[in-house]
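S.K.: The structure under discussion is supplied below as structure tokens; questions concerning it will follow.
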Amino acid sequence: MSFPDKQTVLDYIRDHPNATTKQDIARGLKVKGRDRATLREILKELEEDGTLERTGKRAWAQADRPPPTGVVQFTHQDENGDLIGKAVGDNGPFGPDIIYTGLSGKPRGKVTEPGEGDRALCKIKLVDGVWQARALTVLEKRLSNSIVGLYSQGPRGGKVTPSNRKERREFLIQEADRNGAEDGDLVITVPKPQARRQYGPNLGIVREVIGHIDDPRSASLLAIHAHDIPVEFPEAALEQARDPKPAKAEREDLTQIPLITIDPHDARDHDDAVFAEQLDDGWRVIVAIADVAAYVTENSPLDREALKRGNSTYFPDRVVPMLPFELSADECSLREGELRRCMAVEMIFDKSGTKRSHRFIRGMMKSAAKLSYQEAQAAIDGKPGGKAGEMLEDVLKPLWSAYAAVAKARDKRSPLDLDLPERRIIFSEDGEIEGIITKERLEAHRLIEEFMIQANVAAAETLEKQKSPLIYRVHDVPTDAKIAAFAEFLQTIDMKWHVGERPQTEKFNRLLKDIQGGDYDQMVTQMVLRTQAQAIYSEENLGHFGLNLVRYAHFTSPIRRYADLIVHRALIAALNLGPDGLSKDMSVRLEEIAEHISGTERRSMAAEREATDRYLALFLADRVGAEFEGRITGVTGAGLFVALAGSGADGFVPISSISDDYWVLDDAAMQIYARGSGKTYGLGQIVKVRLKEVTPLQGGLLLEMLSEPMPAPKGRREARRKTDADTPSRRGGPGRIQSKQSGKPKFSKKTLPKHKRRGRKK
């Protein structure tokens, strides 16, 4: 056959979009021998005239349509909040806009969602006239090469110091690249393209000024931008929130039931309300939750934005909400005296606190009162006032009596009892830090917490019974490796733990009770906490070890958690409570959604922790030189982490600053000890330290140890003597530390000879 002309080649490519390589095209057109050279010339001509776009070494796509599988660069969000991108060829982005619709296939390992500026390998297809992309893997993250930091102006130009203490790069900023940044500005900086060279400074370009270091709110701003937490809502989502159109559904009238909200005194949204009444043989409890599913319908602009955020993020001075305040603090908030749509669960408990039955209700309610935890507790404690006094006999006392019964069943269940203190930063009206307090843990907190847990369990039980897909909140059993390490640690303080037994919360609780108030109280508590797995969301039910529950789902906070919204929709669909239930399309995506919202939760936790560290550093900035009591919360080869009493701020004592002793790291005991004397610093130990340096930008505190080390535990002395005897003697010195497990000395970088710091031979 004669070789086809240019039009034949182009027609074939258009009719066979999966034929992207020269080999595919040649095979399809049955081109052989010398004609392959002609085909190569035709493809080159089509590329040069813009008809084809090269997407690989020997691969092409039509310039007016993306390939079935290819790299997509996501450039912006449209008015609906959807992520938009274009296919990428050798010459950059090309073809029509492509909308991102989620991850492709079954997620494996740590899944990362693409964002603005990212490049991802995607499956691409045309659906109803719209090009859609599902990501296989993210190839390049926008923030991977950028830093958030402080711009400072010097005589020879500018410099950006990173806000992340783990980031070691600093960027020098030339005048043409500072884009209006002034001394003290907080900026996002990206590397400046340069010719490849081995030596010289990192040059950067200021992409955006996000605030100023003197702004009291700067700590949260840094965390928000460093972790890429979305702040602004797309206009389409805001329009939907401003003009809510709830789905129509049959609703049960709950307006005559005196449901009340009990929340922190400064809460802006109220997503749960409770009620209890005594029965002849037990208690009836109702937990009512804002019906967010009625307003946030699947695949709407609000829904897409809520899924992207995954959850609200709570900073010491602000909240970045999952839903706009028009919904979260208004239409969906269970305000006192206002008619509201709700999803409720009515639970019947016997006198022992065991749940006998429950049913879910889609209803209309009107909150009878908005109380704070302190107001409700004061009324119960005999100091009623205001609304709490009016509700005492008919509402509060029945609630407390029902809780007393449910608490019996909870104690019998024996969930893990780690009542760790929480601290709160108090701000003045102008945003300055006034002080730090330990949050009071009241019985009112425990009451609401336990009723919410019971409602969450009821949701999981109902959906399992209905054979409905759902997202569980799971907390896996501690791994064998962690249990083995925990048992080894207990041996170092002459305590025993049988490794072969299945871990049980009751056993942990018994241990915590036995050591309460003793020398090892905080040390063991910290180790129990470290032994636990991290709670995540999962389509697979692994149970909840910490709560000691077989099945558990999140149902009670759909305003601030997307997982709860999924559970609401699943209940609506499974119980035929309306047209706005969980769809089949979303049901098949639950595994990927669970992975995604577990990731957004971790992102929020990291950002919240960073912001808190910076605020605490700011609070202590004028107290350099002051002495504090603290508790050792971390032991590493590089030094000791110490939490300061009162503020709870974490500081670091470098090993090189403690003494001239030869320090040995005992990993199992979570201690360092001085070779020879055997004296130790260890996890949980109370020490006195001096504040030497504060770096508010990174939230870092540098401490100096003032307390003397403690004698080693009796059971550890002999083992340490043997280790010391087996290791050749070396002269100790600042920064010198030997790992007990490896027997090899470790050095802090500062104590190494210069030729070894550079990694070169002497």
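All residue names refer to the structure tokens as shown: chains lettered A, B, ... in order, residues numbered from 1 in each chain, ligands numbered from 1 in order.
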Residues within 12 Å of Ala135 in chain A, please, as a VMD selection string. Count only C-alpha atoms; anything in the same chain fewer than 3 positions from it doesn't count.
M.R.: chain A and resid 69 to 74 83 85 98 to 107 111 to 115 118 to 125 132 138 to 139 592
S.K.: As a list in words, list the residues of range 84-241 of chain A assigned to alpha helix (DSSP H) by DSSP on the backbone atoms of this structure.
M.R.: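 Taking range 84-241 of chain A and keeping alpha helix (DSSP H) gives Ser218, Ala219, Ser220, Leu221, Leu222, Ala223, Ile224, His225, Ala226, Glu235, Ala236, Ala237, Leu238, Glu239, Gln240 and Ala241 of chain A.
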S.K.: What lies within 10 Å of Ile210 in chain A using only C-alpha atoms, ignoring chain neighbours under 6 positions off, as number ranges by chain?
M.R.: A: 148-149, 181, 185-188, 218, 221-222, 225
S.K.: Excluding Ala241 in chain A and residues on its chain fewer than 6 positions from it, collect all residues at most 8 Å away from it, counting only C-alpha atoms, and give them as a list in words.
M.R.: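 In the requested format, the answer is Leu302, Pro324, Glu326 and Leu327 of chain A.
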S.K.: Would you kindly return, as a PyMOL selection string, each protein, DNA or RNA residue with an atom no farther than 8 Å from any atom of Gly282 in chain A, considering only C-alpha atoms and excluding same-chain residues fewer than 5 positions away?
M.R.: chain A and resi 348-353
S.K.: Would you save the residues of that selection, restricted to N, CA, C and O atoms, as a tab-separated table (two decimals), in the first residue's frame?
M.R.:
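What landed in part_37.tsv:
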```
chain	number	residue	atom	x	y	z
A	348	ILE	N	-33.13	5.03	74.07
A	348	ILE	CA	-33.72	4.55	75.32
A	348	ILE	C	-32.66	3.75	76.08
A	348	ILE	O	-32.11	2.77	75.55
A	349	PHE	N	-32.37	4.18	77.31
A	349	PHE	CA	-31.40	3.51	78.17
A	349	PHE	C	-32.11	2.90	79.37
A	349	PHE	O	-33.07	3.49	79.90
A	350	ASP	N	-31.64	1.75	79.82
A	350	ASP	CA	-32.20	1.20	81.05
A	350	ASP	C	-31.50	1.86	82.25
A	350	ASP	O	-30.62	2.71	82.09
A	351	LYS	N	-31.86	1.45	83.46
A	351	LYS	CA	-31.34	2.11	84.66
A	351	LYS	C	-29.84	1.90	84.83
A	351	LYS	O	-29.17	2.70	85.49
A	352	SER	N	-29.30	0.86	84.20
A	352	SER	CA	-27.86	0.62	84.29
A	352	SER	C	-27.07	1.42	83.26
A	352	SER	O	-25.84	1.36	83.23
A	353	GLY	N	-27.79	2.16	82.39
A	353	GLY	CA	-27.12	2.96	81.37
A	353	GLY	C	-26.88	2.24	80.07
A	353	GLY	O	-26.24	2.78	79.16
```
S.K.: Residues near Leu616 in chain A, anyone? I mean within 12 Å using only C-alpha atoms, not counting same-chain ones fewer than 2 positions away, as number ranges by chain.
M.R.: A: 216, 219, 316, 423-427, 432-437, 609-614, 618-623, 643-644, 646-651, 694-701
S.K.: So which residues touch range 389-404 of chain A within 10 Å, counting only C-alpha atoms, skipping near sequence neighbours fewer than 3 positions away, as a PyMOL selection string?
M.R.: chain A and resi 257-260+274-278+282-285+349-353+368-369+371+375-380+382-386+407-410+443-444+446-448+450-451
S.K.: How many Å separate CA of Glu595 in chain A from CA of Arg304 in chain A?
M.R.: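 Answer for the CA of Glu595 in chain A to CA of Arg304 in chain A separation: 16.0 Å.
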S.K.: Suppose you want the space between CA of Tyr615 in chain A and CA of Ile224 in chain A; what is it in Å?
M.R.: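 These two atoms are separated by 14.0 Å.
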S.K.: Point out the residue among A:Gly129, A:Gly337, A:Gly50, A:Gly637 with the least atom-to-atom distance to Asn91 in chain A, counting only C-alpha atoms.
M.R.: A:Gly50
S.K.: Please compute the CA of Pro93 in chain A-CA of Glu53 in chain A distance, one decimal, in Å.
M.R.: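 These two atoms are separated by 9.7 Å.
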S.K.: So which one's closest to Asp35 in chain A, A:Asp5, A:Arg341, A:Glu208, A:Asp263? Using only C-alpha atoms, please.
M.R.: A:Asp5
S.K.: Check the smallest atom-to-atom distance from each of A:Gln532, A:Gln504, A:Ser312, A:Ser163 to Ile229 in chain A using only C-alpha atoms, then report the winner.
M.R.: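 Ranking A:Gln532, A:Gln504, A:Ser312, A:Ser163 by distance to Ile229 in chain A, first place goes to A:Ser312.
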S.K.: So that I can check the secondary structure, give me every residue of range 271-335 of chain A assigned strand (DSSP E) by backbone DSSP, as a list of chain:residue names.
M.R.: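 So, restricting range 271-335 of chain A to strand (DSSP E), we get A:Asp272, A:Ala273, A:Val274, A:Phe275, A:Ala276, A:Glu277, A:Gln278, A:Leu279, A:Gly282, A:Trp283, A:Arg284, A:Val285, A:Ile286, A:Val287, A:Ala288, A:Ile289, A:Ala290, A:Thr313, A:Tyr314, A:Val319, A:Val320.
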S.K.: With a cut-off of 10 Å, could you pull out the residues of range 283-349 of chain A touching range 244-250 of chain A and give me the nearest pair of atoms for each, distance in Å to one decimal, using only C-alpha atoms, ordered by chain and ascending number, as CSV?
M.R.:
```
residue,atom,partner,partner_atom,distance
A:Asp291,CA,A:Pro246,CA,9.3
A:Val292,CA,A:Pro246,CA,9.0
A:Ala293,CA,A:Ala247,CA,8.4
A:Ala294,CA,A:Pro246,CA,4.9
A:Tyr295,CA,A:Pro246,CA,4.7
A:Val296,CA,A:Pro246,CA,8.2
A:Thr297,CA,A:Ala247,CA,8.2
A:Glu326,CA,A:Pro244,CA,9.2
A:Leu327,CA,A:Pro244,CA,8.2
A:Glu331,CA,A:Pro244,CA,8.0
A:Cys332,CA,A:Pro244,CA,10.0
A:Arg341,CA,A:Pro246,CA,9.0
```
